[in-house]
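Undergrad: One file: target_36.cif (mmCIF, C-alpha atoms).
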data_run
loop_
_atom_site.label_atom_id
_atom_site.label_comp_id
_atom_site.auth_asym_id
_atom_site.auth_seq_id
_atom_site.Cartn_x
_atom_site.Cartn_y
_atom_site.Cartn_z
CA MET L 1 163.48 144.23 119.77
CA ALA L 2 159.93 144.50 121.08
CA PHE L 3 159.11 147.02 118.34
CA ILE L 4 160.58 144.68 115.68
CA HIS L 5 158.42 141.72 116.89
CA LEU L 6 155.35 143.97 116.93
CA ASP L 7 156.08 145.18 113.38
CA ILE L 8 156.45 141.54 112.15
CA ARG L 9 153.12 140.58 113.78
CA CYS L 10 151.42 143.58 112.23
CA LEU L 11 152.90 142.67 108.85
CA TYR L 12 151.56 139.09 109.11
CA ALA L 13 148.14 140.38 110.09
CA ILE L 14 148.09 142.83 107.18
CA LEU L 15 149.10 140.08 104.70
CA ILE L 16 146.41 137.65 106.01
CA CYS L 17 143.70 140.30 105.94
CA THR L 18 144.73 141.34 102.44
CA ALA L 19 144.66 137.76 101.14
CA PHE L 20 141.35 136.98 102.83
CA GLY L 21 139.90 140.25 101.66
CA SER L 22 140.91 139.51 98.08
CA ILE L 23 139.19 136.08 98.31
CA LEU L 24 136.06 137.63 99.72
CA SER L 25 136.21 140.35 97.10
CA SER L 26 136.56 137.85 94.26
CA HIS L 27 133.84 135.66 95.79
CA ALA L 28 131.52 138.62 96.21
CA GLU L 29 131.94 139.49 92.54
CA ILE L 30 130.72 136.02 91.41
CA LYS L 31 126.99 135.67 91.00
CA VAL L 32 125.02 132.82 89.52
CA ASN L 33 121.55 132.86 88.04
CA PRO L 34 118.76 130.43 89.00
CA PRO L 35 117.72 127.69 86.53
CA GLN L 36 115.58 128.82 83.61
CA ASP L 37 112.05 127.73 82.62
CA PHE L 38 111.33 125.86 85.86
CA GLU L 39 107.93 124.17 85.63
CA ILE L 40 105.82 121.29 86.95
CA VAL L 41 104.30 119.16 84.20
CA ASP L 42 101.41 116.69 84.50
CA PRO L 43 101.85 113.78 82.02
CA GLY L 44 98.44 112.36 82.92
CA TYR L 45 99.65 109.77 85.44
CA LEU L 46 97.18 110.74 88.20
CA GLY L 47 99.72 112.35 90.51
CA TYR L 48 103.12 111.34 89.14
CA LEU L 49 104.51 114.73 88.06
CA TYR L 50 107.58 115.91 86.17
CA LEU L 51 109.68 118.80 87.54
CA GLN L 52 111.94 120.16 84.80
CA TRP L 53 114.15 123.17 84.08
CA GLN L 54 116.91 124.54 81.85
CA PRO L 55 120.50 125.48 82.84
CA PRO L 56 121.18 129.04 83.99
CA LEU L 57 123.18 131.51 81.95
CA LEU L 58 126.79 131.38 83.23
CA PRO L 59 129.74 133.77 82.71
CA GLU L 60 132.53 132.50 80.48
CA ASN L 61 134.92 132.04 83.41
CA CYS L 62 132.39 129.81 85.22
CA LYS L 63 131.69 127.24 82.53
CA GLU L 64 134.38 124.91 83.87
CA CYS L 65 132.87 124.95 87.37
CA THR L 66 130.57 122.24 88.76
CA VAL L 67 126.89 123.13 88.43
CA GLU L 68 124.33 121.37 90.62
CA TYR L 69 120.73 122.10 91.51
CA GLU L 70 119.03 122.07 94.89
CA LEU L 71 115.38 121.11 94.43
CA LYS L 72 112.75 121.35 97.17
CA TYR L 73 109.12 120.27 96.80
CA ARG L 74 106.03 119.36 98.81
CA ASN L 75 102.25 119.43 98.95
CA ILE L 76 101.39 122.84 100.25
CA ASP L 77 99.93 121.66 103.58
CA SER L 78 103.04 119.65 104.50
CA GLU L 79 105.43 121.10 107.06
CA ASN L 80 108.53 119.41 105.59
CA TRP L 81 110.16 119.91 102.20
CA LYS L 82 111.70 117.01 100.30
CA THR L 83 115.19 118.07 99.17
CA ILE L 84 117.15 116.72 96.21
CA ILE L 85 120.65 117.68 95.00
CA THR L 86 121.09 116.73 91.36
CA LYS L 87 123.03 117.54 88.19
CA ASN L 88 120.09 116.52 86.00
CA LEU L 89 117.58 118.86 84.42
CA HIS L 90 114.50 116.93 85.53
CA TYR L 91 113.04 114.96 88.41
CA GLN L 92 109.87 112.89 88.94
CA ASP L 93 107.86 112.02 92.03
CA GLY L 94 104.33 111.35 93.23
CA PHE L 95 102.06 114.01 94.69
CA ASP L 96 98.60 114.17 96.21
CA LEU L 97 96.59 115.98 93.55
CA ASN L 98 93.83 116.71 96.05
CA LYS L 99 96.17 119.48 97.26
CA VAL L 100 98.35 122.19 95.74
CA VAL L 101 101.92 121.23 94.81
CA GLU L 102 104.74 123.72 95.27
CA ALA L 103 108.43 123.48 94.38
CA LYS L 104 111.49 125.69 94.26
CA ILE L 105 114.98 125.30 92.82
CA ARG L 106 118.30 127.13 92.85
CA THR L 107 121.72 126.79 91.25
CA LEU L 108 124.78 125.66 93.22
CA LEU L 109 128.12 126.68 91.67
CA GLN L 110 131.50 125.45 92.92
CA GLY L 111 135.03 125.14 91.53
CA GLU L 112 138.09 127.17 90.67
CA CYS L 113 135.97 130.08 89.55
CA THR L 114 134.61 130.39 93.09
CA ASN L 115 137.93 129.63 94.83
CA GLY L 116 136.43 126.37 96.05
CA LEU L 117 133.51 128.05 97.78
CA GLU L 118 129.85 127.25 96.98
CA VAL L 119 127.88 130.06 95.36
CA GLN L 120 124.09 129.85 95.51
CA SER L 121 121.57 131.56 93.25
CA SER L 122 118.20 132.90 94.28
CA TRP L 123 115.22 130.54 94.23
CA SER L 124 113.01 129.93 91.22
CA GLU L 125 109.51 128.77 92.22
CA ALA L 126 106.64 126.89 90.59
CA THR L 127 103.23 125.62 91.67
CA PHE L 128 100.73 123.13 90.30
CA TRP L 129 97.12 122.39 91.11
CA ILE L 130 94.05 120.95 89.47
CA SER L 131 91.20 123.43 89.45
CA PRO L 132 88.49 121.95 91.68
CA GLN L 133 85.17 121.14 90.09
CA GLY L 134 81.97 120.22 91.87
CA ASN L 135 81.18 120.51 95.57
CA LEU L 136 83.34 118.74 98.12
CA GLU L 137 80.31 116.63 99.17
CA THR L 138 80.23 114.97 95.74
CA LYS L 139 83.56 113.17 96.31
CA ILE L 140 83.49 109.47 97.12
CA GLN L 141 83.76 108.46 100.78
CA ASP L 142 85.64 105.76 102.71
CA MET L 143 87.99 104.58 99.97
CA ASN L 144 89.41 101.19 100.98
CA CYS L 145 91.85 99.04 99.01
CA ILE L 146 93.08 95.54 99.94
CA TYR L 147 95.70 93.49 98.07
CA ASP L 148 94.28 90.07 98.90
CA ASN L 149 97.08 87.52 99.49
CA TRP L 150 99.43 89.61 97.28
CA GLN L 151 97.42 88.41 94.26
CA TYR L 152 94.09 90.20 93.86
CA LEU L 153 93.53 93.93 94.38
CA PHE L 154 90.07 95.15 95.39
CA CYS L 155 89.00 98.73 96.05
CA SER L 156 85.65 99.89 97.37
CA TRP L 157 84.05 103.24 98.23
CA LYS L 158 80.81 104.86 99.23
CA LEU L 159 78.90 107.36 97.12
CA GLY L 160 79.29 111.03 97.88
CA MET L 161 76.72 112.56 100.20
CA GLY L 162 75.74 115.35 97.82
CA VAL L 163 75.34 113.52 94.50
CA ASN L 164 72.15 113.35 92.47
CA PHE L 165 70.43 110.11 91.49
CA ASP L 166 72.00 110.02 87.99
CA ALA L 167 75.60 110.31 89.24
CA ASN L 168 78.07 107.44 88.84
CA TYR L 169 81.79 107.01 89.42
CA ASN L 170 84.71 105.70 87.36
CA LEU L 171 88.12 104.53 88.56
CA TYR L 172 91.40 105.07 86.71
CA TYR L 173 94.82 103.78 87.76
CA TRP L 174 98.47 104.00 86.74
CA TYR L 175 101.82 102.72 87.95
CA GLU L 176 105.31 102.88 86.51
CA GLY L 177 105.46 100.43 83.64
CA LEU L 178 102.11 101.37 82.07
CA ASP L 179 102.10 103.59 78.99
CA HIS L 180 98.99 105.45 80.14
CA ALA L 181 96.31 105.44 82.82
CA LEU L 182 93.79 102.59 82.57
CA GLN L 183 90.12 102.46 83.55
CA CYS L 184 88.73 99.71 85.77
CA ALA L 185 87.37 96.89 83.61
CA ASP L 186 85.43 95.02 86.33
CA TYR L 187 83.33 97.25 88.60
CA ILE L 188 81.56 96.15 91.77
CA LYS L 189 78.00 97.50 91.54
CA ASP L 190 75.16 98.22 93.92
CA ASN L 191 71.79 99.19 92.42
CA GLY L 192 73.52 100.02 89.17
CA LYS L 193 76.12 102.29 90.81
CA ASN L 194 79.86 101.61 90.76
CA ILE L 195 81.02 101.15 94.35
CA GLY L 196 84.26 99.26 93.80
CA CYS L 197 86.72 97.72 91.38
CA LYS L 198 88.26 94.25 90.93
CA PHE L 199 91.65 94.73 89.33
CA PRO L 200 93.24 92.32 86.84
CA TYR L 201 96.61 90.69 87.47
CA LEU L 202 99.07 93.51 88.13
CA GLU L 203 102.51 92.79 86.73
CA SER L 204 105.48 94.32 88.59
CA ALA L 205 103.30 96.79 90.50
CA ASP L 206 104.90 96.27 93.93
CA TYR L 207 107.34 98.63 95.67
CA LYS L 208 106.34 101.64 93.58
CA GLY L 209 103.59 104.22 93.66
CA PHE L 210 100.16 102.97 92.59
CA TYR L 211 98.06 105.98 91.57
CA ILE L 212 94.24 106.01 91.53
CA CYS L 213 91.71 108.62 90.52
CA VAL L 214 87.98 108.14 91.12
CA ASN L 215 85.93 110.74 89.29
CA GLY L 216 82.26 110.90 88.42
CA SER L 217 79.75 112.01 85.87
CA SER L 218 76.27 113.43 86.11
CA LYS L 219 74.05 115.36 83.72
CA SER L 220 72.85 117.65 86.50
CA GLN L 221 76.04 118.47 88.46
CA LEU L 222 79.84 118.39 88.49
CA ILE L 223 81.55 115.65 90.53
CA ARG L 224 84.73 116.35 92.52
CA PRO L 225 87.48 113.79 91.68
CA SER L 226 89.50 112.02 94.38
CA TYR L 227 93.18 111.03 94.11
CA PHE L 228 95.03 108.31 96.02
CA ILE L 229 98.57 106.92 96.16
CA PHE L 230 99.22 103.39 97.48
CA GLN L 231 102.22 101.15 97.93
CA LEU L 232 100.64 97.77 97.19
CA GLN L 233 102.96 95.80 99.48
CA ASN L 234 101.63 97.92 102.36
CA ILE L 235 97.99 96.89 101.85
CA VAL L 236 98.50 93.11 101.53
CA LYS L 237 96.06 90.97 103.53
CA PRO L 238 97.34 87.35 103.75
CA LEU L 239 95.32 84.20 104.25
CA PRO L 240 95.03 82.92 107.84
CA PRO L 241 97.41 80.12 108.87
CA ASP L 242 95.98 76.60 108.92
CA HIS L 243 96.76 73.07 110.22
CA LEU L 244 97.32 74.21 113.80
CA SER L 245 98.71 71.67 116.29
CA ILE L 246 99.47 71.55 120.02
CA ILE L 247 102.00 69.16 121.55
CA VAL L 248 102.37 69.08 125.34
CA LYS L 249 105.67 67.74 126.66
CA ASN L 250 106.56 66.93 130.27
CA SER L 251 103.17 68.27 131.34
CA GLU L 252 104.55 71.83 131.13
CA ASP L 253 106.20 72.61 127.80
CA VAL L 254 103.72 73.37 125.04
CA ASN L 255 104.69 73.47 121.36
CA LEU L 256 102.33 75.50 119.14
CA LYS L 257 102.76 75.01 115.42
CA TRP L 258 100.96 75.96 112.19
CA ASN L 259 101.46 75.99 108.44
CA VAL L 260 102.66 79.06 106.55
CA PRO L 261 99.69 80.55 104.63
CA GLU L 262 99.46 79.42 101.03
CA GLY L 263 100.13 81.84 98.19
CA PRO L 264 102.93 83.92 96.66
CA ILE L 265 104.01 85.68 99.87
CA PRO L 266 107.52 84.47 100.83
CA GLU L 267 107.81 82.69 104.17
CA LYS L 268 110.34 85.28 105.39
CA CYS L 269 107.76 88.08 104.95
CA PHE L 270 105.34 86.92 107.67
CA ILE L 271 104.80 87.97 111.23
CA TYR L 272 102.27 86.08 113.35
CA GLU L 273 100.10 87.08 116.26
CA ILE L 274 99.10 84.28 118.63
CA LYS L 275 96.23 84.43 121.09
CA PHE L 276 96.89 81.75 123.70
CA THR L 277 94.33 80.68 126.31
CA GLU L 278 94.99 78.48 129.34
CA ASP L 279 91.71 77.79 131.14
CA ASP L 280 90.39 81.34 131.78
CA THR L 281 93.69 83.21 131.19
CA THR L 282 94.49 84.71 127.75
CA TRP L 283 97.62 86.44 126.49
CA VAL L 284 98.86 87.60 123.08
CA ALA L 285 102.34 87.27 121.56
CA THR L 286 104.02 87.76 118.17
CA THR L 287 106.70 85.78 116.37
CA PHE L 288 108.40 85.63 112.97
CA GLU L 289 108.44 81.82 113.01
CA ASN L 290 105.54 79.46 112.31
CA GLU L 291 105.82 77.87 115.75
CA MET L 292 106.16 78.92 119.36
CA TYR L 293 107.11 77.28 122.65
CA VAL L 294 105.25 78.26 125.81
CA THR L 295 105.10 76.98 129.37
CA ARG L 296 101.88 76.15 131.13
CA THR L 297 101.37 78.26 134.22
CA SER L 298 99.89 75.30 136.06
CA ASN L 299 100.03 71.55 135.67
CA GLU L 300 96.43 71.47 136.85
CA SER L 301 95.10 73.43 133.85
CA GLN L 302 92.53 71.36 132.00
CA GLN L 303 92.47 73.13 128.63
CA VAL L 304 94.97 74.93 126.39
CA CYS L 305 93.78 76.64 123.18
CA PHE L 306 95.22 79.05 120.64
CA ILE L 307 94.41 80.89 117.42
CA VAL L 308 96.82 82.69 115.09
CA ARG L 309 96.75 85.30 112.32
CA SER L 310 99.36 86.64 109.90
CA LYS L 311 100.58 89.92 108.40
CA MET L 312 103.44 91.21 106.25
CA ASN L 313 106.43 92.06 108.44
CA ILE L 314 108.73 95.10 108.46
CA TYR L 315 111.30 93.38 106.24
CA CYS L 316 108.90 93.25 103.29
CA SER L 317 106.59 96.24 103.83
CA ASP L 318 106.14 99.40 105.85
CA ASP L 319 102.70 98.30 106.95
CA GLY L 320 100.16 95.59 106.32
CA ILE L 321 96.70 94.23 107.09
CA TRP L 322 96.16 91.39 109.54
CA SER L 323 94.56 88.26 108.14
CA GLU L 324 91.44 86.76 109.65
CA TRP L 325 91.96 84.58 112.72
CA SER L 326 92.55 80.89 112.12
CA ASN L 327 90.29 78.13 113.40
CA ILE L 328 90.81 77.38 117.08
CA GLN L 329 92.98 74.44 118.19
CA CYS L 330 92.70 73.02 121.74
CA TRP L 331 94.32 70.43 124.01
CA ARG L 332 92.46 69.07 127.04
CA GLY L 333 94.41 67.84 130.05
CA GLY L 334 91.70 65.48 131.35
CA ILE L 335 91.58 63.39 128.22
CA ARG L 336 93.07 60.27 129.87
CA LYS L 337 90.35 60.15 132.51
CA GLU L 338 87.72 60.74 129.86
CA VAL L 339 89.11 57.86 127.82
CA LEU L 340 89.13 55.67 130.92
CA TYR L 341 85.58 56.55 131.94
CA PHE L 342 83.95 56.72 128.57
CA PHE L 343 85.90 54.15 126.57
CA LEU L 344 87.98 51.67 128.54
CA ILE L 345 85.41 50.79 131.23
CA PRO L 346 82.51 50.25 128.78
CA PHE L 347 84.84 48.28 126.56
CA ALA L 348 85.95 46.08 129.46
CA PHE L 349 82.33 45.51 130.49
CA ILE L 350 81.34 44.51 126.96
CA LEU L 351 84.38 42.24 126.72
CA PHE L 352 83.39 40.60 130.01
CA LEU L 353 79.85 39.98 128.73
CA VAL L 354 81.20 38.47 125.51
CA LEU L 355 83.50 36.15 127.47
CA LEU L 356 80.68 35.17 129.82
CA ILE L 357 78.31 34.40 126.99
CA THR L 358 81.03 32.47 125.18
CA CYS L 359 81.72 30.39 128.28
CA LEU L 360 78.01 29.67 128.76
CA LEU L 361 77.65 28.61 125.15
CA LEU L 362 80.69 26.39 125.38
CA TYR L 363 79.38 24.83 128.63
CA LYS L 364 75.95 24.29 127.10
CA GLN L 365 77.54 22.74 124.03
CA LYS L 366 79.64 20.43 126.24
CA VAL L 367 76.57 19.32 128.20
CA LEU L 368 74.65 18.71 124.99
CA LEU L 369 77.48 16.63 123.55
CA LYS L 370 77.66 14.59 126.77
CA MET L 371 73.90 13.92 126.63
CA ILE L 372 74.16 12.81 123.00
CA PHE L 373 77.05 10.51 123.87
CA HIS L 374 75.10 8.86 126.70
CA LYS L 375 72.07 8.50 124.45
CA LYS L 376 74.12 6.69 121.84
CA GLN L 377 75.58 4.38 124.50
CA GLU L 378 72.11 3.45 125.72
CA VAL L 379 70.97 2.67 122.17
CA PHE L 380 74.06 0.59 121.54
CA SER L 381 73.59 -1.37 124.82
CA HIS L 382 69.95 -2.03 123.99
CA GLN L 383 70.91 -3.39 120.56
CA GLU L 384 73.46 -5.77 122.15
CA ALA L 385 70.85 -7.05 124.60
CA LEU L 386 68.49 -7.92 121.73
CA CYS L 387 71.21 -9.81 119.95
#
How does the structure come out when it is put into structure tokens?
TA:
Amino acid sequence: MAFIHLDIRCLYAILICTAFGSILSSHAEIKVNPPQDFEIVDPGYLGYLYLQWQPPLLPENCKECTVEYELKYRNIDSENWKTIITKNLHYQDGFDLNKVVEAKIRTLLQGECTNGLEVQSSWSEATFWISPQGNLETKIQDMNCIYDNWQYLFCSWKLGMGVNFDANYNLYYWYEGLDHALQCADYIKDNGKNIGCKFPYLESADYKGFYICVNGSSKSQLIRPSYFIFQLQNIVKPLPPDHLSIIVKNSEDVNLKWNVPEGPIPEKCFIYEIKFTEDDTTWVATTFENEMYVTRTSNESQQVCFIVRSKMNIYCSDDGIWSEWSNIQCWRGGIRKEVLYFFLIPFAFILFLVLLITCLLLYKQKVLLKMIFHKKQEVFSHQEALC
């Protein structure tokens, strides 16, 4: 019996190995080619590039299988690849054109022809770069862009360190929705040189890449261009809050309140930073509401002041720029004594003087009337005596 059980186990093992071996054998025989004609194309959008390819050549028995593509891409100095799995034959994304772009793609095949297993091709690779012109020192410096109150975009820069006197710079921009890149129409100038740009109203430019190129021209040298990518909602600088008020309740509870900054930014998109001062003590807090309740540390404190500023919060942007600080608003605890000393007492004194003078005038008038009455009586008595 022991030999029979052993033979059955051996038979099962042989059958399993045979079946698994046949699957592996059939799987090993299937090979898939990488996509054809893989390339990176620049449509002239200042960093928004097209990655495109053609399907691989497939055996007849694999045409019913699912074909997908694994695409990886990055700027060459980045440690991490962005990875996309797609069935399409193209993909678009933004890249920093100051650096080399590299990408690679392979075919993923799965279905009945592969017995349900995924078969991967080798990689097909492509690179893209703009040949540098001019020395690095000719590039602009300290590029700074601010989307003022989510309405007006301003960008400014400093001239390159190594440019000649005849050099000048031009700014071009593009975002999804424009047919082609546009040049700045309103430059900020300094001594005849372009050092910034005031942009026109930008329709539907938020929450997408905003691409900028600042290049230059000179008769005596080549100028190195500079490329930038912004998300406009991340560079919004709101107006400071206004109409600040302080209400002190029960000598301890303090209610700080202010108006939401004016403009197109929704109320839900703000975060506020409050700098609160009680006598010589200052602390800072943040809130998503346009008011805050605090407690005085001492009932003896004579002055409470605060200022506030605003910024776009994490629900509407990944980052933002703090507004300027508001005007200061203060409450003084000794105001009642000041009113008493500097208003009520002088007022009472003046009122007393007025009453005193009034009484004296009335008394003088009464005396005068009495004298006139006696005078008339004397005249009347004298007339009777003559009669």
Undergrad: Expand the PyMOL selection byres ((chain L and resi 295) around 6) into the explicit residue set it covers here, and present it as an mmCIF file with C-alpha atoms, in the frame of the given file.
TA:
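result-v1.cif, freshly written:
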data_model
loop_
_atom_site.group_PDB
_atom_site.id
_atom_site.type_symbol
_atom_site.label_atom_id
_atom_site.label_comp_id
_atom_site.auth_asym_id
_atom_site.auth_seq_id
_atom_site.Cartn_x
_atom_site.Cartn_y
_atom_site.Cartn_z
ATOM 1 C CA GLU L 252 104.550 71.830 131.130
ATOM 2 C CA ASP L 253 106.200 72.610 127.800
ATOM 3 C CA VAL L 254 103.720 73.370 125.040
ATOM 4 C CA VAL L 294 105.250 78.260 125.810
ATOM 5 C CA ARG L 296 101.880 76.150 131.130
#
Undergrad: Which polymer residues have any atom within 10 Å of an atom of Tyr293 of chain L, counting all atoms listed in the file, with same-chain residues fewer than 2 positions away left out, as a list in words?
TA: Ile246, Ile247, Val248, Asp253, Val254, Asn255, Leu256, Lys257, Glu291 and Thr295 of chain L
Undergrad: Going by the chain IDs and residue numbers used in this file, which residues fall under the PyMOL selection byres ((chain L and resi 115-131) around 10)? Write them as a PyMOL selection string.
TA: chain L and resi 23-24+26-28+30-42+49+51+53+56+65-76+96-114+132-133+225
Undergrad: Could you check which of L:Ile265, L:Ile84, L:Cys213, L:Cys359 is closest to Gly47 of chain L, using only C-alpha atoms?
TA: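 Using only C-alpha atoms, the shortest distance to Gly47 of chain L belongs to L:Cys213.
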Undergrad: Using all atoms listed in the file for the distances, tell me which of L:Tyr211, L:Tyr147, L:Phe154, L:Phe276 is nearest to Ile328 of chain L.
TA: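 Using all atoms listed in the file, the shortest distance to Ile328 of chain L belongs to L:Phe276.
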Undergrad: Could you tell me how far atom CA of Val163 of chain L lies from atom CA of Asp77 of chain L, in Å and to one decimal?
TA: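 Calculated distance between atom CA of Val163 of chain L and atom CA of Asp77 of chain L is 27.4 Å.
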Undergrad: Here is a test: counting only C-alpha atoms, which residue of L:Lys364, L:Ser204, L:Asn168, L:Ser301 is nearest to Gln221 of chain L?
TA: L:Asn168
Undergrad: Hey, what comes out of the PyMOL selection byres ((chain L and resi 170-183) around 8) on this file? Could you write it as an MDAnalysis selection string?
TA: chainID L and resid 44:46 168:169 184:185 194 197 204:205 208:216
Undergrad: Measuring atom to atom with only C-alpha atoms, identify which of L:Met371, L:Val354, L:Cys305, L:Ile274 is nearest to Trp325 of chain L.
TA: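 Answer, going by the shortest atom-to-atom distance: L:Ile274.
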Undergrad: Using atom CA of Asp148 of chain L and atom CA of Ser326 of chain L as the two end points, give the distance in Å to one decimal.
TA: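 Taking atom CA of Asp148 of chain L and atom CA of Ser326 of chain L, their separation equals 16.2 Å.
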Undergrad: In Å, how far is it from atom CA of Ile314 of chain L to atom CA of Tyr48 of chain L?
TA: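 For atom CA of Ile314 of chain L relative to atom CA of Tyr48 of chain L, the distance reads 25.9 Å.
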Undergrad: Which one of L:Gln52, L:Asn88, L:Gln151, L:Gln329 sits closest to Leu232 of chain L if you count all atoms listed in the file?
TA: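 Closest to Leu232 of chain L of all the choices is L:Gln151.
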Undergrad: Near Trp157 of chain L, within 8 Å and counting all atoms listed in the file, which residues show up once chain neighbours fewer than 5 positions away are dropped, as a PyMOL selection string?
TA: chain L and resi 140-144+195-196
Undergrad: Taking only C-alpha atoms into account, which of L:Phe306, L:Trp81, L:Phe228, L:Phe349 comes nearest Trp331 of chain L?
TA: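 Going through L:Phe306, L:Trp81, L:Phe228, L:Phe349 one by one, the smallest distance to Trp331 of chain L is for L:Phe306.
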Undergrad: With N, CA and C atoms retained, output segment 95-114 of chain L as a PDB file, in the first residue's frame.
TA:
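The result, stored in out25.pdb:
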ATOM      1  N   PHE L  95       7.769  70.166 -19.057  1.00  0.00           N
ATOM      2  CA  PHE L  95       9.152  69.865 -18.696  1.00  0.00           C
ATOM      3  C   PHE L  95       9.939  71.170 -18.559  1.00  0.00           C
ATOM      4  N   ASP L  96      10.992  71.098 -17.761  1.00  0.00           N
ATOM      5  CA  ASP L  96      11.913  72.219 -17.609  1.00  0.00           C
ATOM      6  C   ASP L  96      12.913  72.172 -18.755  1.00  0.00           C
ATOM      7  N   LEU L  97      12.779  73.085 -19.696  1.00  0.00           N
ATOM      8  CA  LEU L  97      13.647  73.061 -20.878  1.00  0.00           C
ATOM      9  C   LEU L  97      15.040  73.607 -20.609  1.00  0.00           C
ATOM     10  N   ASN L  98      15.298  74.047 -19.372  1.00  0.00           N
ATOM     11  CA  ASN L  98      16.671  74.379 -19.011  1.00  0.00           C
ATOM     12  C   ASN L  98      17.523  73.117 -18.875  1.00  0.00           C
ATOM     13  N   LYS L  99      16.860  71.952 -18.823  1.00  0.00           N
ATOM     14  CA  LYS L  99      17.558  70.682 -18.593  1.00  0.00           C
ATOM     15  C   LYS L  99      17.156  69.671 -19.666  1.00  0.00           C
ATOM     16  N   VAL L 100      17.929  68.617 -19.778  1.00  0.00           N
ATOM     17  CA  VAL L 100      17.660  67.552 -20.738  1.00  0.00           C
ATOM     18  C   VAL L 100      16.448  66.744 -20.281  1.00  0.00           C
ATOM     19  N   VAL L 101      15.613  66.366 -21.249  1.00  0.00           N
ATOM     20  CA  VAL L 101      14.446  65.517 -20.990  1.00  0.00           C
ATOM     21  C   VAL L 101      14.753  64.118 -21.510  1.00  0.00           C
ATOM     22  N   GLU L 102      14.435  63.112 -20.702  1.00  0.00           N
ATOM     23  CA  GLU L 102      14.602  61.732 -21.146  1.00  0.00           C
ATOM     24  C   GLU L 102      13.332  60.943 -20.865  1.00  0.00           C
ATOM     25  N   ALA L 103      13.045  59.963 -21.729  1.00  0.00           N
ATOM     26  CA  ALA L 103      11.837  59.151 -21.595  1.00  0.00           C
ATOM     27  C   ALA L 103      12.117  57.762 -22.162  1.00  0.00           C
ATOM     28  N   LYS L 104      11.365  56.798 -21.668  1.00  0.00           N
ATOM     29  CA  LYS L 104      11.460  55.439 -22.186  1.00  0.00           C
ATOM     30  C   LYS L 104      10.086  54.789 -22.110  1.00  0.00           C
ATOM     31  N   ILE L 105       9.856  53.829 -23.026  1.00  0.00           N
ATOM     32  CA  ILE L 105       8.548  53.201 -23.117  1.00  0.00           C
ATOM     33  C   ILE L 105       8.717  51.738 -23.498  1.00  0.00           C
ATOM     34  N   ARG L 106       7.788  50.909 -23.025  1.00  0.00           N
ATOM     35  CA  ARG L 106       7.783  49.496 -23.413  1.00  0.00           C
ATOM     36  C   ARG L 106       6.353  49.005 -23.557  1.00  0.00           C
ATOM     37  N   THR L 107       6.212  47.896 -24.272  1.00  0.00           N
ATOM     38  CA  THR L 107       4.902  47.297 -24.518  1.00  0.00           C
ATOM     39  C   THR L 107       4.567  46.299 -23.418  1.00  0.00           C
ATOM     40  N   LEU L 108       3.297  46.309 -22.986  1.00  0.00           N
ATOM     41  CA  LEU L 108       2.780  45.323 -22.033  1.00  0.00           C
ATOM     42  C   LEU L 108       1.687  44.524 -22.733  1.00  0.00           C
ATOM     43  N   LEU L 109       1.879  43.211 -22.837  1.00  0.00           N
ATOM     44  CA  LEU L 109       0.939  42.345 -23.548  1.00  0.00           C
ATOM     45  C   LEU L 109       0.346  41.340 -22.576  1.00  0.00           C
ATOM     46  N   GLN L 110      -1.013  41.221 -22.603  1.00  0.00           N
ATOM     47  CA  GLN L 110      -1.670  40.290 -21.676  1.00  0.00           C
ATOM     48  C   GLN L 110      -2.985  39.814 -22.290  1.00  0.00           C
ATOM     49  N   GLY L 111      -3.288  38.521 -22.074  1.00  0.00           N
ATOM     50  CA  GLY L 111      -4.536  37.959 -22.583  1.00  0.00           C
ATOM     51  C   GLY L 111      -4.411  36.460 -22.752  1.00  0.00           C
ATOM     52  N   GLU L 112      -5.282  35.912 -23.592  1.00  0.00           N
ATOM     53  CA  GLU L 112      -5.271  34.466 -23.810  1.00  0.00           C
ATOM     54  C   GLU L 112      -3.983  34.010 -24.468  1.00  0.00           C
ATOM     55  N   CYS L 113      -3.427  34.890 -25.301  1.00  0.00           N
ATOM     56  CA  CYS L 113      -2.209  34.484 -26.007  1.00  0.00           C
ATOM     57  C   CYS L 113      -1.016  34.358 -25.068  1.00  0.00           C
ATOM     58  N   THR L 114      -1.127  34.935 -23.875  1.00  0.00           N
ATOM     59  CA  THR L 114      -0.039  34.826 -22.900  1.00  0.00           C
ATOM     60  C   THR L 114      -0.463  34.000 -21.692  1.00  0.00           C
TER      61      THR L 114
END
